[in-house]
>>> print(open('my_file_22.cif').read())   # mmCIF, C-alpha atoms
data_query
loop_
_atom_site.label_atom_id
_atom_site.label_comp_id
_atom_site.auth_asym_id
_atom_site.auth_seq_id
_atom_site.Cartn_x
_atom_site.Cartn_y
_atom_site.Cartn_z
CA MET A 157 150.13 1.02 -15.39
CA ASP A 158 149.61 -1.42 -18.26
CA SER A 159 152.30 -3.21 -20.26
CA GLU A 160 152.13 -0.88 -23.28
CA ALA A 161 152.45 2.23 -21.09
CA TYR A 162 155.32 0.56 -19.26
CA ARG A 163 157.23 -0.16 -22.47
CA ASN A 164 156.69 3.40 -23.66
CA CYS A 165 157.91 4.80 -20.35
CA CYS A 166 161.00 2.62 -20.35
CA SER A 167 161.96 4.05 -23.71
CA LEU A 168 161.12 7.62 -22.75
CA VAL A 169 163.16 7.58 -19.58
CA LYS A 170 166.32 6.67 -21.52
CA ILE A 171 166.32 9.90 -23.53
CA PRO A 172 167.15 13.43 -22.31
CA ARG A 173 164.29 15.30 -20.68
CA GLN A 174 162.15 17.31 -23.05
CA SER A 175 163.10 20.91 -23.75
CA TYR A 176 160.92 23.42 -21.96
CA GLU A 177 160.86 25.74 -25.00
CA GLN A 178 157.73 24.26 -26.53
CA PHE A 179 155.98 24.25 -23.17
CA TRP A 180 157.04 27.79 -22.43
CA SER A 181 155.83 29.17 -25.73
CA SER A 182 152.24 28.40 -24.68
CA HIS A 183 152.79 29.91 -21.21
CA PHE A 184 149.95 28.02 -19.54
CA VAL A 185 149.44 24.76 -17.71
CA ASP A 186 146.96 22.03 -18.51
CA TYR A 187 143.79 22.14 -16.42
CA ILE A 188 142.51 18.64 -15.68
CA ASP A 189 138.77 18.54 -15.06
CA LYS A 190 137.86 15.04 -16.19
CA GLU A 191 138.96 11.47 -15.71
CA LEU A 192 142.66 10.96 -16.39
CA SER A 193 144.39 7.60 -16.30
CA TYR A 194 147.51 7.22 -14.20
CA SER A 195 149.41 6.09 -17.29
CA LYS A 196 148.55 9.31 -19.12
CA PHE A 197 149.56 11.44 -16.14
CA PHE A 198 152.78 9.46 -15.88
CA LYS A 199 153.65 9.95 -19.54
CA LYS A 200 152.40 13.52 -20.01
CA TYR A 201 153.50 15.19 -16.76
CA LEU A 202 155.76 13.03 -14.57
CA LEU A 203 158.32 11.94 -17.16
CA PRO A 204 158.60 15.27 -19.04
CA ASN A 205 158.52 17.12 -15.67
CA HIS A 206 155.71 19.52 -16.60
CA PRO A 207 153.26 21.23 -14.20
CA CYS A 208 149.49 20.86 -14.32
CA MET A 209 146.41 21.76 -12.28
CA PHE A 210 143.65 19.41 -11.14
CA SER A 211 140.15 20.82 -10.69
CA ARG A 212 138.26 20.87 -7.40
CA ARG A 213 136.37 17.72 -8.35
CA PHE A 214 139.45 15.74 -7.25
CA THR A 215 139.10 17.01 -3.65
CA GLU A 216 135.33 17.39 -3.30
CA ASP A 217 135.01 14.20 -1.21
CA TRP A 218 137.77 15.09 1.28
CA LYS A 219 136.57 15.50 4.86
CA CYS A 220 138.70 18.61 5.38
CA ARG A 221 136.99 20.33 2.44
CA LYS A 222 133.72 19.94 4.33
CA GLN A 223 134.76 20.15 7.99
CA TRP A 224 137.49 22.80 7.91
CA VAL A 225 135.61 25.25 5.69
CA THR A 226 132.50 27.36 6.37
CA GLU A 227 129.58 27.67 3.97
CA GLU A 228 131.12 30.97 2.87
CA GLY A 229 134.35 29.22 1.89
CA LYS A 230 136.38 30.60 4.81
CA PRO A 231 138.46 28.71 7.38
CA ASN A 232 136.17 27.18 10.01
CA PHE A 233 138.03 28.36 13.10
CA GLN A 234 135.52 26.85 15.51
CA LYS A 235 135.83 23.37 14.04
CA LEU A 236 139.61 23.61 13.76
CA LEU A 237 139.92 24.65 17.40
CA GLN A 238 137.77 21.70 18.46
CA GLU A 239 140.12 19.34 16.68
CA PHE A 240 143.56 20.80 17.44
CA ASP A 241 143.30 23.30 20.36
CA GLU A 242 146.60 22.88 22.29
CA THR A 243 148.49 21.08 19.51
CA PRO A 244 151.95 22.65 19.04
CA VAL A 245 152.43 23.96 15.49
CA PRO A 246 155.32 25.63 13.60
CA VAL A 247 154.62 29.26 12.68
CA ALA A 248 156.76 31.48 10.42
CA ASN A 249 156.90 35.27 10.38
CA CYS A 250 156.56 36.41 6.76
CA ASN A 251 157.77 39.90 7.67
CA ALA A 252 161.16 38.67 8.91
CA LYS A 253 164.05 37.25 6.90
CA GLU A 254 166.46 34.63 8.18
CA TYR A 255 168.97 33.76 5.48
CA ASN A 256 166.62 33.08 2.51
CA ALA A 257 163.63 31.96 4.57
CA ASN A 258 161.35 33.12 7.39
CA PRO A 259 162.18 32.41 11.05
CA LYS A 260 159.84 30.00 12.82
CA GLN A 261 158.52 29.51 16.32
CA VAL A 262 156.35 26.80 17.84
CA MET A 263 153.08 27.85 19.49
CA PRO A 264 149.79 26.21 20.52
CA PHE A 265 147.35 25.94 17.65
CA LYS A 266 144.73 27.96 19.52
CA GLU A 267 147.19 30.83 19.95
CA PHE A 268 147.76 30.96 16.19
CA ILE A 269 143.99 30.91 15.52
CA HIS A 270 143.51 33.74 18.05
CA TYR A 271 146.17 35.73 16.20
CA TRP A 272 144.58 34.92 12.82
CA LYS A 273 141.14 36.14 13.95
CA GLU A 274 142.61 39.40 15.23
CA TYR A 275 144.62 39.80 12.04
CA ILE A 276 141.41 39.60 9.97
CA GLN A 277 139.54 41.97 12.29
CA ASN A 278 142.37 44.51 12.00
CA GLY A 279 142.16 44.60 8.21
CA HIS A 280 144.77 41.87 7.70
CA SER A 281 147.48 43.58 9.70
CA SER A 282 149.11 43.03 13.09
CA PRO A 283 152.02 44.44 15.10
CA LYS A 284 153.19 40.82 15.35
CA GLY A 285 153.72 40.73 11.58
CA CYS A 286 152.19 38.32 9.10
CA LEU A 287 152.33 34.86 10.68
CA TYR A 288 152.04 31.68 8.63
CA LEU A 289 151.49 28.17 10.01
CA LYS A 290 153.57 26.04 7.67
CA ASP A 291 155.36 22.70 7.42
CA TRP A 292 153.03 21.21 10.06
CA HIS A 293 153.31 17.40 10.10
CA MET A 294 149.64 16.93 10.90
CA SER A 295 149.36 13.43 9.38
CA ARG A 296 152.40 12.22 11.31
CA ASP A 297 151.53 13.89 14.62
CA SER A 298 147.76 13.35 14.51
CA PRO A 299 147.13 10.21 12.40
CA GLU A 300 143.60 9.93 13.77
CA HIS A 301 142.65 12.96 11.64
CA ASN A 302 142.12 11.11 8.38
CA VAL A 303 140.78 14.12 6.48
CA TYR A 304 142.07 13.61 2.93
CA THR A 305 143.21 10.91 0.53
CA THR A 306 146.34 11.16 -1.61
CA PRO A 307 145.25 11.08 -5.27
CA VAL A 308 146.49 8.04 -7.17
CA PHE A 309 148.55 10.29 -9.47
CA PHE A 310 150.85 11.11 -6.56
CA SER A 311 150.83 7.71 -4.85
CA SER A 312 154.16 6.44 -6.20
CA ASP A 313 155.91 8.24 -3.36
CA TRP A 314 159.33 6.84 -2.48
CA LEU A 315 160.18 9.72 -0.14
CA ASN A 316 157.36 9.17 2.32
CA GLU A 317 157.53 5.41 1.86
CA TYR A 318 161.12 5.54 3.12
CA TRP A 319 160.40 7.78 6.09
CA ASP A 320 157.27 5.82 7.01
CA THR A 321 159.42 2.69 7.12
CA LEU A 322 161.83 4.37 9.55
CA GLU A 323 158.90 5.85 11.52
CA VAL A 324 160.78 9.06 12.29
CA ASP A 325 159.58 11.69 9.82
CA ASP A 326 157.51 12.45 6.74
CA TYR A 327 157.10 15.08 4.03
CA ARG A 328 153.35 15.63 4.34
CA PHE A 329 152.38 19.09 5.51
CA VAL A 330 149.48 21.38 6.34
CA TYR A 331 149.75 25.12 5.70
CA MET A 332 147.38 27.74 7.15
CA GLY A 333 147.89 31.42 6.53
CA PRO A 334 146.08 34.76 6.32
CA LYS A 335 145.76 36.85 3.22
CA GLY A 336 149.21 38.25 2.42
CA SER A 337 151.25 35.36 3.84
CA TRP A 338 153.80 33.95 1.42
CA THR A 339 156.72 31.59 0.86
CA PRO A 340 160.04 32.96 -0.49
CA PHE A 341 161.75 31.73 -3.67
CA HIS A 342 162.92 28.13 -3.43
CA ALA A 343 162.94 24.66 -4.96
CA ASP A 344 161.59 21.72 -2.99
CA VAL A 345 163.59 19.42 -0.73
CA PHE A 346 165.96 17.05 -2.60
CA ARG A 347 164.50 18.57 -5.80
CA SER A 348 161.40 16.48 -5.21
CA TYR A 349 158.01 16.86 -6.83
CA SER A 350 155.29 18.48 -4.79
CA TRP A 351 151.55 18.62 -4.93
CA SER A 352 149.52 21.24 -3.11
CA ALA A 353 145.75 21.25 -2.60
CA ASN A 354 143.87 24.36 -1.51
CA ILE A 355 141.31 23.34 1.10
CA CYS A 356 140.02 26.91 1.05
CA GLY A 357 141.33 30.22 -0.23
CA ARG A 358 143.40 31.13 -3.28
CA LYS A 359 147.13 31.15 -4.06
CA LYS A 360 149.33 32.78 -6.66
CA TRP A 361 152.29 30.75 -7.86
CA LEU A 362 155.34 32.07 -9.69
CA LEU A 363 157.23 29.17 -11.27
CA TYR A 364 160.53 29.00 -13.15
CA PRO A 365 161.55 25.86 -15.09
CA PRO A 366 164.84 24.17 -14.14
CA GLY A 367 167.91 26.16 -15.14
CA GLN A 368 166.27 29.58 -15.12
CA GLU A 369 167.24 30.08 -11.48
CA GLU A 370 170.88 30.30 -12.56
CA PHE A 371 170.16 33.67 -14.22
CA LEU A 372 168.70 34.93 -10.94
CA ARG A 373 171.81 34.42 -8.81
CA ASP A 374 173.60 37.46 -7.39
CA THR A 375 177.32 38.15 -7.77
CA HIS A 376 178.01 35.81 -4.81
CA GLY A 377 176.07 32.96 -6.39
CA ASN A 378 173.09 33.27 -4.04
CA LEU A 379 169.48 32.96 -5.17
CA PRO A 380 167.10 35.85 -4.43
CA TYR A 381 164.82 35.85 -1.41
CA ASP A 382 162.04 37.55 -3.36
CA VAL A 383 161.95 37.32 -7.18
CA THR A 384 159.58 40.30 -7.34
CA SER A 385 162.02 42.60 -5.55
CA SER A 386 163.31 45.68 -7.37
CA GLU A 387 166.82 44.54 -6.34
CA LEU A 388 166.80 42.12 -9.27
CA ARG A 389 166.93 45.08 -11.65
CA ASP A 390 170.33 46.05 -10.19
CA ARG A 391 172.73 44.66 -12.81
CA GLY A 392 175.62 45.21 -10.45
CA LEU A 393 174.10 42.82 -7.92
CA PHE A 394 172.17 40.48 -10.24
CA PRO A 395 174.14 40.66 -13.50
CA HIS A 396 172.11 38.06 -15.44
CA SER A 397 168.57 38.58 -14.12
CA GLU A 398 167.34 40.08 -17.39
CA GLU A 399 168.26 36.84 -19.18
CA ALA A 400 165.76 34.85 -17.12
CA CYS A 401 162.37 34.13 -18.63
CA GLN A 402 159.27 35.63 -17.06
CA PRO A 403 157.83 33.29 -14.42
CA LEU A 404 154.81 31.18 -15.12
CA GLU A 405 152.06 32.82 -13.03
CA ILE A 406 149.25 30.53 -11.87
CA ILE A 407 146.21 31.36 -9.76
CA GLN A 408 145.06 28.35 -7.76
CA GLU A 409 141.45 28.38 -6.60
CA ALA A 410 139.85 26.63 -3.62
CA GLY A 411 139.76 22.86 -4.02
CA GLU A 412 142.30 22.75 -6.85
CA ILE A 413 145.54 20.74 -6.75
CA ILE A 414 148.71 21.95 -8.41
CA PHE A 415 151.46 19.56 -9.46
CA VAL A 416 154.86 21.27 -9.12
CA PRO A 417 157.53 19.35 -11.05
CA SER A 418 161.01 18.45 -9.87
CA GLY A 419 163.50 21.30 -9.66
CA TRP A 420 161.05 24.08 -10.59
CA HIS A 421 161.87 27.05 -8.36
CA HIS A 422 158.81 28.91 -7.14
CA GLN A 423 157.42 31.64 -4.92
CA VAL A 424 153.89 31.45 -3.50
CA TYR A 425 151.38 33.97 -2.14
CA ASN A 426 148.10 33.49 -0.28
CA LEU A 427 145.63 35.86 -1.94
CA GLU A 428 142.99 35.07 0.69
CA ASP A 429 142.85 33.36 4.07
CA THR A 430 144.02 29.95 2.93
CA ILE A 431 144.47 26.37 4.12
CA SER A 432 146.41 23.90 2.00
CA ILE A 433 147.78 20.37 2.15
CA ASN A 434 151.19 19.76 0.58
CA HIS A 435 153.28 16.66 -0.06
CA ASN A 436 156.86 16.40 -1.29
CA TRP A 437 157.51 13.15 -3.12
CA LEU A 438 159.99 11.26 -5.26
CA ASN A 439 159.83 8.23 -7.50
CA GLY A 440 161.53 6.54 -10.44
CA CYS A 441 160.75 9.45 -12.76
CA ASN A 442 162.81 12.03 -10.86
CA ILE A 443 165.26 9.94 -8.83
CA ASP A 444 167.98 10.91 -11.33
CA ILE A 445 167.31 14.58 -10.51
CA MET A 446 167.66 13.83 -6.81
CA TRP A 447 170.94 12.01 -7.44
CA GLN A 448 172.29 14.99 -9.41
CA PHE A 449 171.19 17.31 -6.60
CA LEU A 450 173.06 15.20 -4.04
CA GLN A 451 176.22 15.28 -6.15
CA ASN A 452 175.95 19.06 -6.39
CA GLU A 453 175.42 19.36 -2.64
CA LEU A 454 178.50 17.27 -1.86
CA SER A 455 180.55 19.26 -4.38
CA SER A 456 179.54 22.49 -2.64
CA VAL A 457 180.61 21.10 0.74
CA GLN A 458 183.92 19.93 -0.69
CA LYS A 459 184.63 23.37 -2.12
CA GLU A 460 183.85 25.04 1.21
CA ILE A 461 186.37 22.97 3.18
CA ASP A 462 188.86 22.24 0.41
CA GLU A 463 191.69 24.01 2.25
CA TRP A 464 191.69 21.21 4.87
CA ARG A 465 191.69 18.36 2.35
CA ASN A 466 195.37 17.54 2.84
CA THR A 467 195.40 18.04 6.61
CA MET A 468 192.65 15.57 7.55
CA ASP A 469 192.81 11.82 7.03
CA SER A 470 189.00 11.63 7.30
CA TRP A 471 188.28 14.66 5.10
CA HIS A 472 185.89 12.77 2.80
CA GLN A 473 183.98 11.36 5.77
CA HIS A 474 183.67 14.85 7.24
CA CYS A 475 182.24 16.07 3.95
CA GLN A 476 179.52 13.44 4.23
CA VAL A 477 178.76 14.48 7.81
CA ILE A 478 178.48 18.14 6.82
CA MET A 479 176.36 17.25 3.81
CA LYS A 480 173.95 15.34 6.07
CA ALA A 481 173.70 18.32 8.43
CA CYS A 482 173.08 20.81 5.63
CA SER A 483 170.95 18.79 3.24
CA GLY A 484 169.26 16.22 5.47
CA ILE A 485 170.80 13.25 3.68
CA ASN A 486 174.19 11.97 2.55
CA TYR A 487 175.38 9.20 0.24
CA GLY A 488 175.12 6.50 2.90
CA GLU A 489 171.51 7.32 3.72
CA PHE A 490 170.69 7.66 0.03
CA ALA A 491 171.93 4.09 -0.42
CA SER A 492 169.68 2.95 2.46
CA PHE A 493 166.78 4.78 0.82
CA LEU A 494 167.32 2.90 -2.45
CA LYS A 495 167.54 -0.42 -0.64
CA ILE A 496 164.18 0.01 1.09
CA ILE A 497 162.48 1.00 -2.15
CA ALA A 498 164.01 -1.96 -4.00
CA ASP A 499 163.25 -4.45 -1.19
CA ASN A 500 159.59 -3.45 -1.12
CA ARG A 501 159.20 -3.85 -4.88
CA MET A 502 161.02 -7.16 -5.00
CA ALA A 503 158.77 -8.41 -2.18
CA PHE A 504 155.71 -7.21 -4.10
CA LEU A 505 156.74 -8.86 -7.36
CA ASN A 506 157.53 -12.09 -5.54
CA ALA A 507 154.11 -11.87 -3.86
CA CYS A 508 152.51 -11.48 -7.28
CA SER A 509 154.00 -14.86 -8.13
CA THR A 510 153.42 -16.64 -4.81
CA GLY A 511 150.34 -14.89 -3.44
CA ASP A 512 152.11 -14.18 -0.13
CA SER A 513 152.06 -10.45 0.71
CA SER A 514 153.27 -10.73 4.32
CA ASP A 515 156.70 -9.21 3.62
CA TYR A 516 155.60 -5.58 3.38
CA PRO A 517 153.05 -3.24 5.06
CA ARG A 518 149.37 -3.42 4.15
CA HIS A 519 149.06 0.25 3.14
CA LEU A 520 152.05 -0.15 0.81
CA SER A 521 150.55 -3.34 -0.58
CA GLU A 522 147.42 -1.39 -1.53
CA ILE A 523 149.45 1.27 -3.34
CA LEU A 524 151.67 -1.18 -5.21
CA THR A 525 148.67 -3.31 -6.14
CA THR A 526 146.86 -0.25 -7.51
CA LEU A 527 149.88 0.78 -9.58
CA GLY A 528 150.52 -2.79 -10.66
CA PRO A 529 153.54 -5.07 -11.30
CA TYR A 530 154.70 -3.16 -14.38
CA HIS A 531 155.12 -0.04 -12.26
CA ALA A 532 157.08 -2.02 -9.66
CA ALA A 533 159.30 -3.34 -12.46
CA PHE A 534 159.84 0.20 -13.75
CA ASP A 535 160.80 1.30 -10.22
CA LEU A 536 163.34 -1.50 -9.99
CA GLN A 537 164.82 -0.50 -13.32
CA ARG A 538 165.29 3.06 -12.03
CA VAL A 539 166.83 1.89 -8.74
CA ALA A 540 169.22 -0.37 -10.68
CA HIS A 541 170.23 2.56 -12.89
CA ILE A 542 171.05 4.76 -9.89
CA ILE A 543 172.97 1.96 -8.17
CA GLU A 544 175.06 1.61 -11.32
CA CYS A 545 175.73 5.35 -11.13
CA LEU A 546 176.79 5.00 -7.49
CA LEU A 547 179.25 2.26 -8.39
CA CYS A 548 180.91 4.63 -10.87
CA ASN A 549 181.03 7.57 -8.44
CA GLU A 550 184.44 8.19 -6.81
CA ASP A 551 182.95 9.72 -3.64
CA PHE A 552 180.63 6.76 -3.15
CA LYS A 553 183.56 4.38 -3.62
CA ARG A 554 185.31 6.10 -0.70
CA LEU A 555 182.53 5.22 1.75
CA ASP A 556 182.99 2.37 4.18
CA HIS A 557 180.83 -0.14 2.33
CA SER A 558 180.89 -2.56 5.27
CA ALA A 559 178.80 0.00 7.19
CA LEU A 560 176.18 0.38 4.44
CA THR A 561 172.84 -1.41 4.55
CA LEU A 562 172.99 -1.49 0.75
CA GLN A 563 175.63 -3.68 -0.84
CA PRO A 564 175.42 -2.39 -4.42
CA GLU A 565 176.60 -5.40 -6.41
CA THR A 566 174.46 -7.75 -4.34
CA MET A 567 171.39 -5.54 -4.73
CA LEU A 568 171.85 -5.31 -8.49
CA GLN A 569 171.96 -9.09 -8.74
CA GLN A 570 168.89 -9.45 -6.53
CA ILE A 571 166.98 -7.02 -8.73
CA ARG A 572 167.95 -8.93 -11.87
CA ASP A 573 167.05 -12.26 -10.27
CA THR A 574 163.67 -10.93 -9.17
CA ILE A 575 162.88 -9.60 -12.61
CA GLN A 576 163.89 -12.86 -14.22
CA SER A 577 161.92 -14.99 -11.79
CA THR A 578 158.82 -12.84 -12.27
CA ARG A 579 159.15 -12.97 -16.06
CA GLY A 580 159.79 -9.26 -16.47
CA GLN A 581 163.42 -9.20 -17.46
CA HIS A 582 162.59 -8.91 -21.18
CA LEU A 583 160.76 -5.68 -20.39
CA LEU A 584 163.37 -4.16 -18.11
CA TYR A 585 166.56 -4.72 -20.00
CA GLN A 586 165.47 -4.49 -23.61
CA GLU A 587 167.84 -2.51 -25.75
#
>>> encode(input="my_file_22.cif", output="structure tokens")
Amino acid sequence: MDSEAYRNCCSLVKIPRQSYEQFWSSHFVDYIDKELSYSKFFKKYLLPNHPCMFSRRFTEDWKCRKQWVTEEGKPNFQKLLQEFDETPVPVANCNAKEYNANPKQVMPFKEFIHYWKEYIQNGHSSPKGCLYLKDWHMSRDSPEHNVYTTPVFFSSDWLNEYWDTLEVDDYRFVYMGPKGSWTPFHADVFRSYSWSANICGRKKWLLYPPGQEEFLRDTHGNLPYDVTSSELRDRGLFPHSEEACQPLEIIQEAGEIIFVPSGWHHQVYNLEDTISINHNWLNGCNIDIMWQFLQNELSSVQKEIDEWRNTMDSWHQHCQVIMKACSGINYGEFASFLKIIADNRMAFLNACSTGDSSDYPRHLSEILTTLGPYHAAFDLQRVAHIIECLLCNEDFKRLDHSALTLQPETMLQQIRDTIQSTRGQHLLYQE
């Protein structure tokens, strides 16, 4: 990111997000089939939170596009079995419903491939139902299989940067499913962005922009499992469904990458036997959406156990524990998340001045160097903004700050000192 793009982005991020009305009137997404600078992607899609599709030319050099796919464009079962054989993988049953998702089991990879072959031979049907290998942490569990490269457009990835630092998890997944497998209606974890690349096969996406999902709630406030179900026409059960816009329907071909913006609810179908690679990711452009999501999650927990508020001295702490169990993160961990992101960028900016890059991992150094110091400065601005929001939040104030890895006031001062010492303060805090 260059200095002009950075200044433009700093001004854009201060205003409310663009209305989706103009986007929706065209009812299509941009198809990117030529060189696109990161700055243009940042300004045109990340900040306004709009979807787009990248052509297959952006994946044509990936090893998996060559090794996992036959000449006919089908999954190469023989090659896949050679690579993964007994590897345990998570498999969902698309014909069964568990709450608003599909129940999963873990099975050896070769057992799933055996099922998949039989499913195809039987005309894409099986008494076992329609099974879908999904949410497989292949990169984490089998790092030796370096079969794709994250495009630079999606490389500012705070979510996986944080989990990589902790070395306990990630949000990088492989999906493999037969024709007819699908994923029910949902929005992505923490209201993150996602990108999804079809290694082979085709998908149909149904996307709703943020806010439209509210019209699709039933009388109990629950979102539908399947937005194509005839149940949604029952005004007694879904009283506002007719007020929702029609979904944006996108067909994704083999090799293409779809960018799904933050908070866009969606439902996805595999139109053919399909393999895809998916990442969830966050950065300075949508961290405010994550923060709003976390506030909503805590509010929901508080409402659920409100009747015990006056009978428990540690009621607020219990709300945080429940929030962590339900959502995967609470305010304390969110603060730790922000600290790691800020520490890495402050170390990078200091290294830009001193030439010493020993304070952060090599792979992260490569990413931050590619994105440049202006991007790191933008990230710090966004972290500082969220920390200021935390300091004004009554529930955050109730946390035991002595137990937090992030000391908010100290971190804010460190960010300001780093910006000043690296001669970027005039860019960050201009009015």
>>> resolve_selection(input="my_file_22.cif", expression="the PyMOL selection byres ((chain A and resi 541) around 12)", output="ChimeraX atom specification")
/A:166,169-170,440-441,443-444,447,494,498,534-540,542-548,564,567-568,571-572,584-585
>>> residues_around(input="my_file_22.cif", residues="A:Phe341", least_positions_apart="4", cutoff="6 Å", atoms="only C-alpha atoms", output="list in words")
Tyr381, Asp382, His422 and Gln423 of chain A
>>> write_last_selection(input="my_file_22.cif", atoms="C-alpha atoms", output="short mmCIF file (atom, residue, chain, number, x, y, z; two decimals), in the frame of the given file")
data_model
loop_
_atom_site.label_atom_id
_atom_site.label_comp_id
_atom_site.auth_asym_id
_atom_site.auth_seq_id
_atom_site.Cartn_x
_atom_site.Cartn_y
_atom_site.Cartn_z
CA TYR A 381 164.82 35.85 -1.41
CA ASP A 382 162.04 37.55 -3.36
CA HIS A 422 158.81 28.91 -7.14
CA GLN A 423 157.42 31.64 -4.92
#
>>> residues_around(input="my_file_22.cif", residues="stretch 222-229 of chain A", least_positions_apart="5", cutoff="12 Å", atoms="all atoms listed in the file", output="ChimeraX atom specification")
/A:215-217,234-240,301-304,332,354-358,409-411,428-432
>>> atom_distance(input="my_file_22.cif", atom1="atom CA of A:Tyr275", atom2="atom CA of A:Pro334")
7.8 Å
>>> residues_around(input="my_file_22.cif", residues="stretch 436-438 of chain A", least_positions_apart="6", cutoff="10 Å", atoms="all atoms listed in the file", output="number ranges by chain")
A: 310-317, 326-329, 344-352, 416, 418, 445-446
